[in-house]
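So this block is data38.pdb, PDB, C-alpha atoms and all ligand atoms:
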```
ATOM      1  CA  MET L   1     -21.932  16.213  36.084
ATOM      2  CA  THR L   2     -20.942  13.203  34.082
ATOM      3  CA  GLU L   3     -21.351   9.790  35.658
ATOM      4  CA  PRO L   4     -18.285   8.420  37.436
ATOM      5  CA  ALA L   5     -16.194   6.148  35.262
ATOM      6  CA  ARG L   6     -16.709   2.430  35.871
ATOM      7  CA  VAL L   7     -13.498   0.485  36.210
ATOM      8  CA  LEU L   8     -13.074  -3.281  36.513
ATOM      9  CA  VAL L   9      -9.919  -4.353  38.361
ATOM     10  CA  VAL L  10      -8.800  -7.901  37.581
ATOM     11  CA  GLU L  11      -6.168  -9.021  40.085
ATOM     12  CA  ASP L  12      -5.643 -12.280  41.961
ATOM     13  CA  ASN L  13      -3.400 -10.793  44.652
ATOM     14  CA  VAL L  14      -5.751  -9.602  47.396
ATOM     15  CA  MET L  15      -3.409  -6.898  48.711
ATOM     16  CA  ASN L  16      -2.858  -5.424  45.239
ATOM     17  CA  LEU L  17      -6.564  -5.659  44.519
ATOM     18  CA  GLU L  18      -7.527  -3.857  47.728
ATOM     19  CA  LEU L  19      -4.926  -1.156  47.183
ATOM     20  CA  ALA L  20      -6.079  -0.524  43.610
ATOM     21  CA  VAL L  21      -9.723  -0.452  44.669
ATOM     22  CA  ASP L  22      -9.057   1.971  47.530
ATOM     23  CA  LEU L  23      -7.085   4.346  45.301
ATOM     24  CA  LEU L  24      -9.713   4.280  42.554
ATOM     25  CA  LYS L  25     -12.599   4.802  44.977
ATOM     26  CA  LEU L  26     -10.751   7.789  46.451
ATOM     27  CA  LYS L  27     -10.788   9.223  42.924
ATOM     28  CA  GLY L  28     -14.550   8.750  42.828
ATOM     29  CA  TYR L  29     -14.636   5.898  40.340
ATOM     30  CA  ASP L  30     -17.247   3.175  40.399
ATOM     31  CA  VAL L  31     -15.105   0.040  40.901
ATOM     32  CA  LEU L  32     -15.843  -3.609  40.151
ATOM     33  CA  THR L  33     -13.451  -6.473  40.839
ATOM     34  CA  ALA L  34     -12.580  -9.926  39.542
ATOM     35  CA  LYS L  35      -9.922 -12.374  40.739
ATOM     36  CA  THR L  36      -9.879 -14.703  37.723
ATOM     37  CA  GLY L  37     -10.068 -14.477  33.948
ATOM     38  CA  PRO L  38     -13.422 -16.259  33.606
ATOM     39  CA  GLU L  39     -14.916 -13.977  36.263
ATOM     40  CA  ALA L  40     -13.568 -10.927  34.385
ATOM     41  CA  LEU L  41     -15.082 -12.150  31.104
ATOM     42  CA  GLU L  42     -18.454 -12.718  32.741
ATOM     43  CA  ILE L  43     -18.566  -9.273  34.390
ATOM     44  CA  SER L  44     -17.349  -7.513  31.228
ATOM     45  CA  ASP L  45     -20.044  -9.161  29.150
ATOM     46  CA  ARG L  46     -22.745  -8.055  31.607
ATOM     47  CA  GLU L  47     -21.708  -4.589  32.831
ATOM     48  CA  ARG L  48     -21.089  -1.244  31.180
ATOM     49  CA  LEU L  49     -17.398  -0.508  31.766
ATOM     50  CA  ASP L  50     -15.163   2.424  30.857
ATOM     51  CA  LEU L  51     -11.857   0.692  31.575
ATOM     52  CA  ILE L  52     -10.449  -2.678  32.603
ATOM     53  CA  LEU L  53      -7.216  -2.954  34.589
ATOM     54  CA  MET L  54      -5.862  -6.428  33.893
ATOM     55  CA  ASP L  55      -3.213  -8.217  35.922
ATOM     56  CA  VAL L  56      -1.049 -10.066  33.406
ATOM     57  CA  GLN L  57      -0.145 -12.872  35.812
ATOM     58  CA  LEU L  58      -3.390 -14.595  36.741
ATOM     59  CA  PRO L  59      -3.666 -18.279  37.666
ATOM     60  CA  GLY L  60      -5.197 -20.391  34.910
ATOM     61  CA  MET L  61      -6.052 -18.117  31.988
ATOM     62  CA  ASP L  62      -3.479 -15.289  32.097
ATOM     63  CA  GLY L  63      -4.399 -11.640  31.674
ATOM     64  CA  LEU L  64      -3.284 -11.412  28.052
ATOM     65  CA  ALA L  65      -5.359 -14.459  27.092
ATOM     66  CA  VAL L  66      -8.337 -12.856  28.846
ATOM     67  CA  THR L  67      -7.716  -9.610  26.941
ATOM     68  CA  LYS L  68      -7.585 -11.495  23.652
ATOM     69  CA  LYS L  69     -10.982 -13.024  24.422
ATOM     70  CA  LEU L  70     -12.414  -9.609  25.361
ATOM     71  CA  LYS L  71     -11.235  -8.264  21.995
ATOM     72  CA  GLU L  72     -12.852 -11.175  20.138
ATOM     73  CA  ASN L  73     -16.276 -10.509  21.699
ATOM     74  CA  PRO L  74     -18.211  -7.724  19.898
ATOM     75  CA  LYS L  75     -19.874  -6.794  23.208
ATOM     76  CA  THR L  76     -16.574  -6.164  24.992
ATOM     77  CA  ARG L  77     -14.054  -5.379  22.263
ATOM     78  CA  ASN L  78     -14.338  -1.602  22.650
ATOM     79  CA  ILE L  79     -13.602  -1.532  26.375
ATOM     80  CA  PRO L  80     -10.006  -0.363  26.783
ATOM     81  CA  VAL L  81      -7.823  -2.799  28.696
ATOM     82  CA  VAL L  82      -4.713  -1.638  30.550
ATOM     83  CA  ALA L  83      -2.295  -4.339  31.692
ATOM     84  CA  LEU L  84      -0.905  -4.368  35.225
ATOM     85  CA  THR L  85       2.499  -5.946  35.049
ATOM     86  CA  ALA L  86       5.521  -6.451  37.245
ATOM     87  CA  HIS L  87       7.747  -7.135  34.225
ATOM     88  CA  ALA L  88       7.415  -4.266  31.786
ATOM     89  CA  MET L  89      10.486  -4.703  29.648
ATOM     90  CA  LYS L  90      10.707  -3.884  25.964
ATOM     91  CA  GLY L  91       9.550  -7.253  24.637
ATOM     92  CA  ASP L  92       6.752  -7.389  27.184
ATOM     93  CA  GLU L  93       5.350  -4.060  26.101
ATOM     94  CA  GLU L  94       5.086  -5.300  22.517
ATOM     95  CA  ARG L  95       3.463  -8.529  23.685
ATOM     96  CA  ILE L  96       0.970  -6.579  25.814
ATOM     97  CA  LEU L  97      -0.004  -4.286  22.936
ATOM     98  CA  ARG L  98      -0.215  -7.199  20.486
ATOM     99  CA  HIS L  99      -2.825  -8.863  22.687
ATOM    100  CA  GLY L 100      -5.055  -5.796  22.437
ATOM    101  CA  CYS L 101      -4.155  -3.807  25.543
ATOM    102  CA  SER L 102      -4.134  -0.009  25.246
ATOM    103  CA  GLY L 103      -1.076   0.224  27.464
ATOM    104  CA  TYR L 104       0.253  -0.902  30.799
ATOM    105  CA  ILE L 105       0.869   0.263  34.349
ATOM    106  CA  SER L 106       3.861  -1.153  36.215
ATOM    107  CA  LYS L 107       3.579  -2.927  39.540
ATOM    108  CA  PRO L 108       4.180  -2.537  42.425
ATOM    109  CA  ILE L 109       1.361  -0.002  42.480
ATOM    110  CA  ASN L 110       2.659   3.487  43.207
ATOM    111  CA  THR L 111      -0.008   5.191  45.306
ATOM    112  CA  ARG L 112       0.703   8.615  43.774
ATOM    113  CA  GLU L 113       1.226   7.611  40.155
ATOM    114  CA  PHE L 114      -1.374   4.866  39.802
ATOM    115  CA  PRO L 115      -4.494   7.081  40.048
ATOM    116  CA  LYS L 116      -2.948   9.595  37.627
ATOM    117  CA  ALA L 117      -2.131   6.874  35.117
ATOM    118  CA  VAL L 118      -5.667   5.485  35.328
ATOM    119  CA  GLU L 119      -7.111   8.974  34.866
ATOM    120  CA  ARG L 120      -5.018   9.483  31.726
ATOM    121  CA  PHE L 121      -6.335   6.250  30.203
ATOM    122  CA  ILE L 122      -9.919   7.204  31.051
ATOM    123  CA  GLU L 123      -9.485  10.653  29.514
ATOM    124  CA  GLN L 124      -8.143   9.057  26.324
ATOM    125  CA  THR L 125     -11.198   6.816  26.229
ATOM    126  CA  ARG L 126     -13.657   9.650  26.672
ATOM    127  CA  LYS L 127     -12.067  11.655  23.868
ATOM    128  CA  GLY L 128     -12.864   8.642  21.721
TER     129      GLY L 128
HETATM  130 MN    MN C   1      -1.263 -11.862  39.665
END
```
Go ahead and render the structure in this file as structure tokens.
Ligand code: MN
Amino acid sequence: MTEPARVLVVEDNVMNLELAVDLLKLKGYDVLTAKTGPEALEISDRERLDLILMDVQLPGMDGLAVTKKLKENPKTRNIPVVALTAHAMKGDEERILRHGCSGYISKPINTREFPKAVERFIEQTRKG
């Protein structure tokens, strides 16, 4: 058995955060959480992570600015970051990818699709 994947969920909305955490724990993932960008940077620098789910709209430092910082740090640059966004239009997708995200998942969180989407990103990661 391989170890469960470790996923950091960065989300300032408590209801979204709890929903994401519940769905990921049901899948058997090891889940960590952060509600702000600085908290996410601190945890990412300290913990071994397989994936980061990053809310784009965070108070203060937004999720794309946090992602940019993660990609500038040699210790965290290889952790895939997937944006969580309520506004995934064409221009937004380009902006998300330009900031170093591997992709995005649209909000509101769909309880059936969300765990499948996360699994696909983790599988991509593990293939290298
Ligand atoms: Mn938010």
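Once the PyMOL selection byres (((chain L and resi 4) around 6) and not hetatm) is applied to this file, the selection holds Glu3, Ala5 and Tyr29 of chain L.
Take atom CA of Glu18 of chain L and atom CA of Val31 of chain L: the distance between them is 10.9 Å.
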Self-check item: Expected selection as number ranges by chain for ligand MN 1 (chain C) within 12 Å, all atoms listed in the file
Solution: L: 9-17, 34-37, 53-64, 83-87, 107-108
Quiz item: Can you list what the PyMOL selection byres (((chain L and resi 77) around 12) and not hetatm) grabs from this structure, as a PyMOL selection string?
Solution: chain L and resi 41+44-45+49-52+66-76+78-81+99-102
Quiz prompt | Atomic distance atom CA of Val118 of chain L - atom CA of Glu42 of chain L, expressed in Å with one decimal | solution = 22.4 Å
Quiz item: Could you work out how far atom CA of Leu19 of chain L lies from atom CA of Lys127 of chain L, giving the answer in Å with one decimal?
Solution: 27.5 Å
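With all atoms listed in the file as the atoms that count, the minimum distance from Leu24 of chain L to the choices L:Ala40, L:Leu97, L:Val82, L:Val7 is reached by L:Val7.
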Self-check item: Option closest in space to Ala117 of chain L, from L:Arg48, L:Asp22, L:Leu32, L:Gly103 [counting all atoms listed in the file]
Solution: L:Gly103
Could you give me the centre and size, in Å to one decimal, of an axis-aligned box around all listed atoms of segment 60-75 of chain L with 3 Å added on every side, as AutoDock Vina command-line options?
```
--center_x -11.6 --center_y -13.6 --center_z 27.4 --size_x 22.6 --size_y 19.6 --size_z 21.0
```
Self-check item: Selection result of the PyMOL selection byres (((chain L and resi 115) around 10) and not hetatm) on this file, as a PyMOL selection string
Solution: chain L and resi 20+23-27+109-114+116-120
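Distance check against Asp30 of chain L using all atoms listed in the file: of L:Glu47, L:Ser106, L:Leu8, L:Ile122, the minimum falls on L:Leu8.
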Final N, CA, C and O atoms of segment 78-99 of chain L as an mmCIF file, in the frame of the given file:
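Final output, selection-v7.cif:
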```
data_model
loop_
_atom_site.group_PDB
_atom_site.id
_atom_site.type_symbol
_atom_site.label_atom_id
_atom_site.label_comp_id
_atom_site.auth_asym_id
_atom_site.auth_seq_id
_atom_site.Cartn_x
_atom_site.Cartn_y
_atom_site.Cartn_z
ATOM 1 N N ASN L 78 -14.665 -3.037 22.604
ATOM 2 C CA ASN L 78 -14.338 -1.602 22.650
ATOM 3 C C ASN L 78 -13.962 -1.096 24.044
ATOM 4 O O ASN L 78 -13.646 0.082 24.201
ATOM 5 N N ILE L 79 -14.006 -1.961 25.031
ATOM 6 C CA ILE L 79 -13.602 -1.532 26.375
ATOM 7 C C ILE L 79 -12.070 -1.529 26.425
ATOM 8 O O ILE L 79 -11.441 -2.561 26.183
ATOM 9 N N PRO L 80 -11.466 -0.378 26.712
ATOM 10 C CA PRO L 80 -10.006 -0.363 26.783
ATOM 11 C C PRO L 80 -9.492 -1.212 27.948
ATOM 12 O O PRO L 80 -10.067 -1.198 29.032
ATOM 13 N N VAL L 81 -8.445 -1.958 27.674
ATOM 14 C CA VAL L 81 -7.823 -2.799 28.696
ATOM 15 C C VAL L 81 -6.398 -2.306 28.927
ATOM 16 O O VAL L 81 -5.629 -2.146 27.976
ATOM 17 N N VAL L 82 -6.069 -2.051 30.178
ATOM 18 C CA VAL L 82 -4.713 -1.638 30.550
ATOM 19 C C VAL L 82 -4.100 -2.746 31.399
ATOM 20 O O VAL L 82 -4.676 -3.155 32.411
ATOM 21 N N ALA L 83 -2.951 -3.249 30.973
ATOM 22 C CA ALA L 83 -2.295 -4.339 31.692
ATOM 23 C C ALA L 83 -1.626 -3.816 32.961
ATOM 24 O O ALA L 83 -1.101 -2.703 32.987
ATOM 25 N N LEU L 84 -1.677 -4.635 34.002
ATOM 26 C CA LEU L 84 -0.905 -4.368 35.225
ATOM 27 C C LEU L 84 0.189 -5.418 35.240
ATOM 28 O O LEU L 84 -0.092 -6.615 35.280
ATOM 29 N N THR L 85 1.420 -4.968 35.172
ATOM 30 C CA THR L 85 2.499 -5.946 35.049
ATOM 31 C C THR L 85 3.715 -5.597 35.891
ATOM 32 O O THR L 85 4.078 -4.428 36.032
ATOM 33 N N ALA L 86 4.310 -6.625 36.456
ATOM 34 C CA ALA L 86 5.521 -6.451 37.245
ATOM 35 C C ALA L 86 6.762 -6.518 36.358
ATOM 36 O O ALA L 86 7.856 -6.207 36.787
ATOM 37 N N HIS L 87 6.584 -6.934 35.106
ATOM 38 C CA HIS L 87 7.747 -7.135 34.225
ATOM 39 C C HIS L 87 7.577 -6.374 32.929
ATOM 40 O O HIS L 87 7.404 -6.959 31.869
ATOM 41 N N ALA L 88 7.612 -5.045 33.005
ATOM 42 C CA ALA L 88 7.415 -4.266 31.786
ATOM 43 C C ALA L 88 8.743 -3.955 31.129
ATOM 44 O O ALA L 88 9.268 -2.865 31.245
ATOM 45 N N MET L 89 9.287 -4.936 30.445
ATOM 46 C CA MET L 89 10.486 -4.703 29.648
ATOM 47 C C MET L 89 10.069 -4.557 28.199
ATOM 48 O O MET L 89 8.910 -4.735 27.857
ATOM 49 N N LYS L 90 11.025 -4.223 27.347
ATOM 50 C CA LYS L 90 10.707 -3.884 25.964
ATOM 51 C C LYS L 90 9.849 -4.948 25.263
ATOM 52 O O LYS L 90 8.813 -4.644 24.703
ATOM 53 N N GLY L 91 10.288 -6.190 25.315
ATOM 54 C CA GLY L 91 9.550 -7.253 24.637
ATOM 55 C C GLY L 91 8.155 -7.444 25.215
ATOM 56 O O GLY L 91 7.212 -7.766 24.506
ATOM 57 N N ASP L 92 8.044 -7.221 26.517
ATOM 58 C CA ASP L 92 6.752 -7.389 27.184
ATOM 59 C C ASP L 92 5.751 -6.345 26.719
ATOM 60 O O ASP L 92 4.582 -6.633 26.525
ATOM 61 N N GLU L 93 6.251 -5.117 26.539
ATOM 62 C CA GLU L 93 5.350 -4.060 26.101
ATOM 63 C C GLU L 93 4.744 -4.419 24.744
ATOM 64 O O GLU L 93 3.540 -4.288 24.532
ATOM 65 N N GLU L 94 5.582 -4.914 23.840
ATOM 66 C CA GLU L 94 5.086 -5.300 22.517
ATOM 67 C C GLU L 94 4.061 -6.426 22.625
ATOM 68 O O GLU L 94 3.031 -6.414 21.956
ATOM 69 N N ARG L 95 4.358 -7.387 23.493
ATOM 70 C CA ARG L 95 3.463 -8.529 23.685
ATOM 71 C C ARG L 95 2.110 -8.049 24.241
ATOM 72 O O ARG L 95 1.052 -8.489 23.813
ATOM 73 N N ILE L 96 2.178 -7.129 25.192
ATOM 74 C CA ILE L 96 0.970 -6.579 25.814
ATOM 75 C C ILE L 96 0.109 -5.871 24.772
ATOM 76 O O ILE L 96 -1.100 -6.086 24.690
ATOM 77 N N LEU L 97 0.741 -5.040 23.945
ATOM 78 C CA LEU L 97 -0.004 -4.286 22.936
ATOM 79 C C LEU L 97 -0.560 -5.212 21.863
ATOM 80 O O LEU L 97 -1.677 -5.035 21.389
ATOM 81 N N ARG L 98 0.220 -6.241 21.511
ATOM 82 C CA ARG L 98 -0.215 -7.199 20.486
ATOM 83 C C ARG L 98 -1.471 -7.945 20.907
ATOM 84 O O ARG L 98 -2.279 -8.347 20.083
ATOM 85 N N HIS L 99 -1.642 -8.157 22.206
ATOM 86 C CA HIS L 99 -2.825 -8.863 22.687
ATOM 87 C C HIS L 99 -4.039 -7.950 22.822
ATOM 88 O O HIS L 99 -5.087 -8.378 23.290
#
```
